[in-house]
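Engineer: File entry05.cif follows (mmCIF, C-alpha atoms and all ligand atoms):
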```cif
data_entry
#
loop_
_atom_site.label_atom_id
_atom_site.label_comp_id
_atom_site.auth_asym_id
_atom_site.auth_seq_id
_atom_site.Cartn_x
_atom_site.Cartn_y
_atom_site.Cartn_z
CA MET A 236 -31.25 178.34 195.09
CA ILE A 237 -29.82 175.09 193.81
CA LEU A 238 -26.67 173.82 195.45
CA PRO A 239 -23.75 172.39 193.50
CA VAL A 240 -23.87 168.64 192.89
CA PHE A 241 -22.05 166.47 195.42
CA ILE A 242 -22.18 162.93 194.10
CA TYR A 243 -21.12 161.38 197.42
CA HIS A 244 -23.40 163.56 199.57
CA PRO A 245 -26.37 164.46 197.37
CA ASP A 246 -28.66 166.16 199.89
CA PRO A 247 -26.49 168.17 202.28
CA LEU A 248 -29.42 170.39 203.24
CA LYS A 249 -31.42 167.42 204.47
CA THR A 250 -28.43 166.22 206.48
CA SER A 251 -28.03 169.76 207.94
CA THR A 252 -24.48 169.96 206.64
CA PHE A 253 -25.37 173.29 205.06
CA ILE A 254 -27.82 175.68 206.65
CA PRO A 255 -29.37 178.83 205.22
CA SER A 256 -27.18 181.73 206.33
CA ASP A 257 -26.32 185.30 205.40
CA GLN A 258 -22.68 184.87 206.45
CA VAL A 259 -19.95 185.93 204.04
CA CYS A 260 -17.91 182.94 202.83
CA ARG A 261 -14.29 183.11 204.02
CA VAL A 262 -13.06 181.94 200.62
CA CYS A 263 -15.08 183.75 197.92
CA LYS A 264 -16.02 186.71 200.18
CA GLN A 265 -19.64 186.48 199.07
CA ALA A 266 -22.82 185.80 201.01
CA ARG A 267 -24.29 182.98 198.98
CA GLY A 268 -27.13 181.99 201.25
CA PHE A 269 -25.68 178.85 202.82
CA GLN A 270 -23.00 178.02 205.32
CA TYR A 271 -21.13 174.77 205.96
CA MET A 272 -21.80 173.24 209.39
CA GLY A 273 -19.89 169.99 209.05
CA PRO A 274 -16.45 168.95 210.30
CA VAL A 275 -13.13 170.30 209.06
CA TYR A 276 -9.70 168.66 209.31
CA PRO A 277 -7.62 169.79 211.02
CA ASN A 278 -10.25 170.74 213.56
CA LEU A 279 -10.05 174.48 214.17
CA GLY A 280 -12.33 174.46 217.19
CA ASN A 281 -14.45 177.28 215.77
CA LEU A 282 -16.73 177.56 212.80
CA ILE A 283 -15.54 179.47 209.77
CA PRO A 284 -18.14 180.36 207.18
CA ILE A 285 -17.63 178.43 203.95
CA CYS A 286 -20.17 178.28 201.14
CA PRO A 287 -21.15 175.11 199.24
CA TRP A 288 -19.65 176.37 195.96
CA CYS A 289 -16.18 176.83 197.44
CA ILE A 290 -16.27 173.27 198.78
CA ALA A 291 -17.47 171.87 195.44
CA SER A 292 -14.80 173.69 193.43
CA GLY A 293 -11.96 172.67 195.76
CA GLU A 294 -11.19 176.33 196.44
CA ALA A 295 -11.98 176.02 200.14
CA TYR A 296 -9.53 173.14 200.36
CA SER A 297 -6.79 175.06 198.50
CA ALA A 298 -7.34 178.41 200.17
CA LEU A 299 -7.75 177.24 203.76
CA ALA A 300 -5.77 173.96 203.73
CA LEU A 301 -8.80 172.20 205.18
CA GLU A 302 -10.34 168.85 204.37
CA PHE A 303 -13.94 167.93 205.11
CA SER A 304 -13.48 164.22 205.82
CA ASP A 305 -10.53 162.21 207.08
CA PRO A 306 -9.09 159.95 204.35
CA ASN A 307 -8.16 157.41 207.03
CA LEU A 308 -11.81 157.08 208.00
CA ILE A 309 -13.02 156.11 204.53
CA LEU A 310 -13.35 152.40 205.13
CA ASN A 311 -12.36 149.64 202.72
CA ASP A 312 -15.10 148.02 200.66
CA GLN A 313 -16.78 144.64 201.24
CA ASN A 314 -13.73 142.85 199.80
CA ASP A 315 -11.39 144.87 202.01
CA GLN A 316 -10.25 146.84 199.01
CA GLU A 317 -9.12 150.39 199.59
CA VAL A 318 -10.78 153.09 197.50
CA SER A 319 -8.59 155.03 195.10
CA ARG A 320 -6.70 158.20 195.96
CA ALA A 321 -8.90 160.08 193.45
CA VAL A 322 -12.06 159.05 195.30
CA LYS A 323 -10.54 159.93 198.67
CA ASP A 324 -9.61 163.35 197.29
CA GLU A 325 -13.12 163.91 195.98
CA ILE A 326 -14.61 163.05 199.39
CA CYS A 327 -12.08 164.89 201.52
CA LYS A 328 -11.38 167.96 199.42
CA ARG A 329 -14.56 168.64 197.44
CA THR A 330 -17.44 167.03 199.37
CA PRO A 331 -19.07 168.28 202.56
CA GLY A 332 -18.66 166.00 205.55
CA PHE A 333 -21.33 165.41 208.17
CA ASN A 334 -21.46 165.83 211.91
CA THR A 335 -20.91 162.90 214.23
CA TRP A 336 -20.13 162.50 217.93
CA GLN A 337 -16.93 160.63 217.36
CA ASP A 338 -15.17 159.66 214.16
CA GLN A 339 -16.88 160.47 210.89
CA ILE A 340 -16.80 157.05 209.24
CA TRP A 341 -17.43 156.88 205.48
CA LEU A 342 -18.48 153.49 204.09
CA SER A 343 -17.41 152.03 200.75
CA HIS A 344 -18.70 149.33 198.41
CA CYS A 345 -17.58 147.92 195.05
CA ALA A 346 -14.17 149.64 195.24
CA ASP A 347 -15.73 153.09 195.56
CA ALA A 348 -16.90 155.29 198.40
CA ALA A 349 -20.64 154.97 198.96
CA VAL A 350 -23.12 157.83 198.73
CA PHE A 351 -24.09 159.28 202.09
CA LEU A 352 -27.89 159.51 202.29
CA GLY A 353 -28.22 160.71 205.88
CA ALA A 354 -29.17 159.52 209.32
CA CYS A 355 -32.41 157.63 209.94
CA ASP A 356 -34.47 156.49 212.86
CA GLY A 357 -35.58 152.88 213.27
CA LYS A 358 -39.02 153.45 211.77
CA THR A 359 -37.58 154.98 208.59
CA ILE A 360 -35.07 152.17 208.30
CA ARG A 361 -37.88 149.61 208.42
CA GLN A 362 -39.93 151.53 205.87
CA GLU A 363 -37.29 152.70 203.41
CA HIS A 364 -34.06 150.82 204.02
CA ALA A 365 -35.18 147.38 205.24
CA GLU A 366 -32.38 145.72 203.28
CA VAL A 367 -29.90 146.92 205.93
CA LEU A 368 -31.69 145.03 208.73
CA PRO A 369 -29.66 141.82 208.24
CA GLN A 370 -26.49 143.92 208.35
CA ILE A 371 -27.61 145.50 211.62
CA GLN A 372 -28.32 142.04 213.01
CA GLU A 373 -24.94 140.76 211.97
CA ASP A 374 -22.71 143.75 212.71
CA TYR A 375 -24.35 145.52 215.61
CA CYS A 376 -26.78 143.30 217.49
CA GLY A 377 -25.10 141.32 220.18
CA GLU A 378 -25.80 137.63 220.44
CA HIS A 379 -28.52 138.22 223.01
CA GLU A 380 -29.94 141.40 221.59
CA VAL A 381 -33.25 141.30 219.77
CA LEU A 382 -33.08 143.01 216.36
CA ASP A 383 -36.51 144.65 216.67
CA GLU A 384 -35.71 146.16 220.04
CA TYR A 385 -32.33 147.36 218.85
CA VAL A 386 -33.84 149.01 215.75
CA ASP A 387 -36.41 150.72 217.98
CA GLU A 388 -33.53 152.44 219.75
CA LEU A 389 -32.11 153.97 216.56
CA GLU A 390 -32.48 157.70 216.20
CA ALA A 391 -31.79 160.16 213.40
CA GLU A 392 -30.19 162.79 215.63
CA ALA A 393 -30.64 162.74 219.38
CA GLY A 394 -30.58 159.58 221.44
CA TRP A 395 -27.62 157.33 222.01
CA LEU A 396 -27.59 155.30 218.77
CA VAL A 397 -27.55 157.06 215.41
CA ALA A 398 -27.85 155.06 212.19
CA ARG A 399 -26.41 156.53 208.99
CA ILE A 400 -27.37 155.14 205.61
CA PHE A 401 -25.09 154.94 202.59
CA GLN A 402 -25.71 153.50 199.13
CA CYS A 403 -23.30 151.94 196.66
CA ARG A 404 -22.99 153.87 193.38
CA HIS A 405 -22.51 150.66 191.42
CA CYS A 406 -24.72 147.87 192.78
CA SER A 407 -27.17 150.12 194.74
CA GLN A 408 -26.65 148.09 197.90
CA LYS A 409 -27.57 150.12 200.97
CA LEU A 410 -25.18 150.13 203.89
CA VAL A 411 -25.53 151.24 207.47
CA HIS A 412 -23.11 152.57 210.02
CA ILE A 413 -24.33 152.92 213.58
CA GLU A 414 -22.67 155.26 216.02
CA ALA A 415 -23.19 154.85 219.74
CA ASP A 416 -22.78 157.89 221.95
ZN ZN B 1 -17.48 180.66 198.90
ZN ZN B 2 -21.69 147.78 195.55
#
```
Starting from the coordinates I provided, produce the structure as structure tokens.
Ligand SMILES: [Zn+2]
Ligand SMILES: [Zn+2]
Structural biologist:
Amino acid sequence: MILPVFIYHPDPLKTSTFIPSDQVCRVCKQARGFQYMGPVYPNLGNLIPICPWCIASGEAYSALALEFSDPNLILNDQNDQEVSRAVKDEICKRTPGFNTWQDQIWLSHCADAAVFLGACDGKTIRQEHAEVLPQIQEDYCGEHEVLDEYVDELEAEAGWLVARIFQCRHCSQKLVHIEAD
């Protein structure tokens, strides 16, 4: 089954934001084969089954008064420009979020929110996203930390440092946000 298109989060199965499930969606009352596993705002403390289609259409947002990202955690772009209200609405009301330990930070570039590609370990970053290595050096490596050793510590899920990769929709620049447990 093909999921609806989420331009800011194109592969929400790979990121485990949706999992295969026979649960009935709270909004459309249908079992559509997938269930949302990401964060909701406000945090309800328990999981309610929501299908991908009801997130994409905005019906989950309208029916349940829930958002899937926090508009205050969509960061400004490289020129410290805030993204538009329309983009924040698209991310928060019609795009699945993703699970984090702490705040779910969403990166931006070229006056737009960036596309969330998922979390990566150090090896994958070197192989597929090497252009973010200078950014890791600059933003995350301390003065005395060795980049190679730091990148070795990065994990996709478990571990104490998770690196999440985003990509600009306009200039294709890849961006990284690293969360420490
Ligand atoms: Zn639904
Ligand atoms: Zn850009």
Engineer: Residues near segment 391-399 of chain A, anyone? I mean within 8 Å using all atoms listed in the file, not counting same-chain ones fewer than 4 positions away, as a compact mmCIF listing (two decimals) with C-alpha atoms, keeping the file's coordinate frame.
Structural biologist:
```txt
# COMPACT_ATOMS: atom_id res chain seq x y z
CA PHE A 351 -24.09 159.28 202.09
CA LEU A 352 -27.89 159.51 202.29
CA GLY A 353 -28.22 160.71 205.88
CA ALA A 354 -29.17 159.52 209.32
CA CYS A 355 -32.41 157.63 209.94
CA ASP A 356 -34.47 156.49 212.86
CA VAL A 411 -25.53 151.24 207.47
CA HIS A 412 -23.11 152.57 210.02
CA ILE A 413 -24.33 152.92 213.58
CA GLU A 414 -22.67 155.26 216.02
CA ALA A 415 -23.19 154.85 219.74
CA ASP A 416 -22.78 157.89 221.95
```
Engineer: Name each residue within 6 Å of ligand ZN 1 (chain B), counting only C-alpha atoms and all ligand atoms, as a list in words.
Structural biologist: Cys260, Val262, Cys263, Ile285, Cys286, Trp288 and Cys289 of chain A
Engineer: Any idea what the distance is between atom CA of Ala266 of chain A and atom CA of Ile254 of chain A?
Structural biologist: 12.6 Å
Engineer: Residues within 7 Å of ligand ZN 2 (chain B), counting only C-alpha atoms and all ligand atoms: report them as a ChimeraX atom specification.
Structural biologist: /A:344-345,403-408
Engineer: Compile a residue-level contact table for segment 312-374 of chain A against segment 267-273 of chain A at a cut-off of 7 Å, reporting for every qualifying residue the shortest atom pair and its distance in Å to one decimal, with all atoms listed in the file counted, rows ordered by chain and ascending number, as CSV.
Structural biologist:
```
residue,atom,partner,partner_atom,distance
A:Pro331,CA,A:Gly273,CA,6.8
A:Gly332,CA,A:Gly273,CA,5.4
A:Phe333,CA,A:Gly273,CA,4.9
A:Asn334,CA,A:Gly273,CA,5.3
```
Engineer: Using only C-alpha atoms, find the one residue out of A:Glu302, A:Asp338, A:Glu294, A:Asp374 that sits nearest to Leu410 of chain A.
Structural biologist: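 Closest to Leu410 of chain A of all the choices is A:Asp374.
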Engineer: How far is it from atom CA of His244 of chain A to atom CA of Tyr375 of chain A, in Å with one decimal?
Structural biologist: 24.2 Å
Engineer: Separation of atom CA of Thr252 of chain A and atom CA of Pro287 of chain A, in Å?
Structural biologist: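 Going from atom CA of Thr252 of chain A over to atom CA of Pro287 of chain A, I get 9.6 Å.
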Engineer: Which centre and which edge lengths, in Å to one decimal, describe the axis-aligned box that holds all listed atoms of segment 362-377 of chain A after 4 Å is added on each side, as JSON?
Structural biologist:
```
{"center_x": -31.3, "center_y": 146.7, "center_z": 211.7, "size_x": 25.2, "size_y": 19.9, "size_z": 24.9}
```
Engineer: Between A:Leu368, A:Val318, A:Val275, A:Leu299, which has the minimum distance to Asp387 of chain A (counting only C-alpha atoms)?
Structural biologist: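 Under the stated criterion, the closest residue is A:Leu368.
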Engineer: Compile the contact shell of Lys323 of chain A as an MDAnalysis selection string: residues with an atom at most 12 Å away, counting all atoms listed in the file, same-chain residues fewer than 3 positions apart removed.
Structural biologist: chainID A and resid 243 302:311 317:320 326:330 341:343 346:349
Engineer: When you count all atoms listed in the file, which of these residues is closest to Ala291 of chain A: A:Ile371, A:Ile242, A:Val322, A:His379?
Structural biologist: A:Ile242
Engineer: Hey, which of A:Asn314, A:Val350, A:Asp383, A:Glu363 ends up closest to Asp246 of chain A? Count all atoms listed in the file.
Structural biologist: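 Of A:Asn314, A:Val350, A:Asp383, A:Glu363, the one nearest Asp246 of chain A is A:Val350, counting all atoms listed in the file.
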Engineer: Add whatever atoms are absent from segment 296-309 of chain A to reach N, CA and C atoms, and provide the output as a short mmCIF file (atom, residue, chain, number, x, y, z; two decimals), in the coordinates of the input.
Structural biologist:
```cif
data_model
loop_
_atom_site.label_atom_id
_atom_site.label_comp_id
_atom_site.auth_asym_id
_atom_site.auth_seq_id
_atom_site.Cartn_x
_atom_site.Cartn_y
_atom_site.Cartn_z
N TYR A 296 -10.67 174.00 200.01
CA TYR A 296 -9.53 173.14 200.36
C TYR A 296 -8.20 173.84 200.06
N SER A 297 -8.07 174.42 198.87
CA SER A 297 -6.79 175.06 198.50
C SER A 297 -6.53 176.31 199.33
N ALA A 298 -7.56 177.12 199.52
CA ALA A 298 -7.34 178.41 200.17
C ALA A 298 -7.12 178.28 201.67
N LEU A 299 -7.78 177.32 202.29
CA LEU A 299 -7.75 177.24 203.76
C LEU A 299 -6.95 176.04 204.27
N ALA A 300 -6.48 175.18 203.34
CA ALA A 300 -5.77 173.96 203.73
C ALA A 300 -6.60 173.12 204.69
N LEU A 301 -7.89 173.00 204.36
CA LEU A 301 -8.80 172.20 205.18
C LEU A 301 -9.39 171.08 204.35
N GLU A 302 -9.58 169.93 205.01
CA GLU A 302 -10.34 168.85 204.37
C GLU A 302 -11.65 168.69 205.14
N PHE A 303 -12.61 168.01 204.52
CA PHE A 303 -13.94 167.93 205.11
C PHE A 303 -14.29 166.51 205.57
N SER A 304 -13.40 165.57 205.27
CA SER A 304 -13.48 164.22 205.82
C SER A 304 -12.04 163.78 206.02
N ASP A 305 -11.87 162.74 206.82
CA ASP A 305 -10.53 162.21 207.08
C ASP A 305 -10.30 161.01 206.17
N PRO A 306 -9.29 161.07 205.28
CA PRO A 306 -9.09 159.95 204.35
C PRO A 306 -8.87 158.61 205.06
N ASN A 307 -8.38 158.66 206.28
CA ASN A 307 -8.16 157.41 207.03
C ASN A 307 -9.45 156.81 207.57
N LEU A 308 -10.53 157.57 207.48
CA LEU A 308 -11.81 157.08 208.00
C LEU A 308 -12.78 156.73 206.88
N ILE A 309 -12.25 156.67 205.64
CA ILE A 309 -13.02 156.11 204.53
C ILE A 309 -12.68 154.62 204.52
#
```
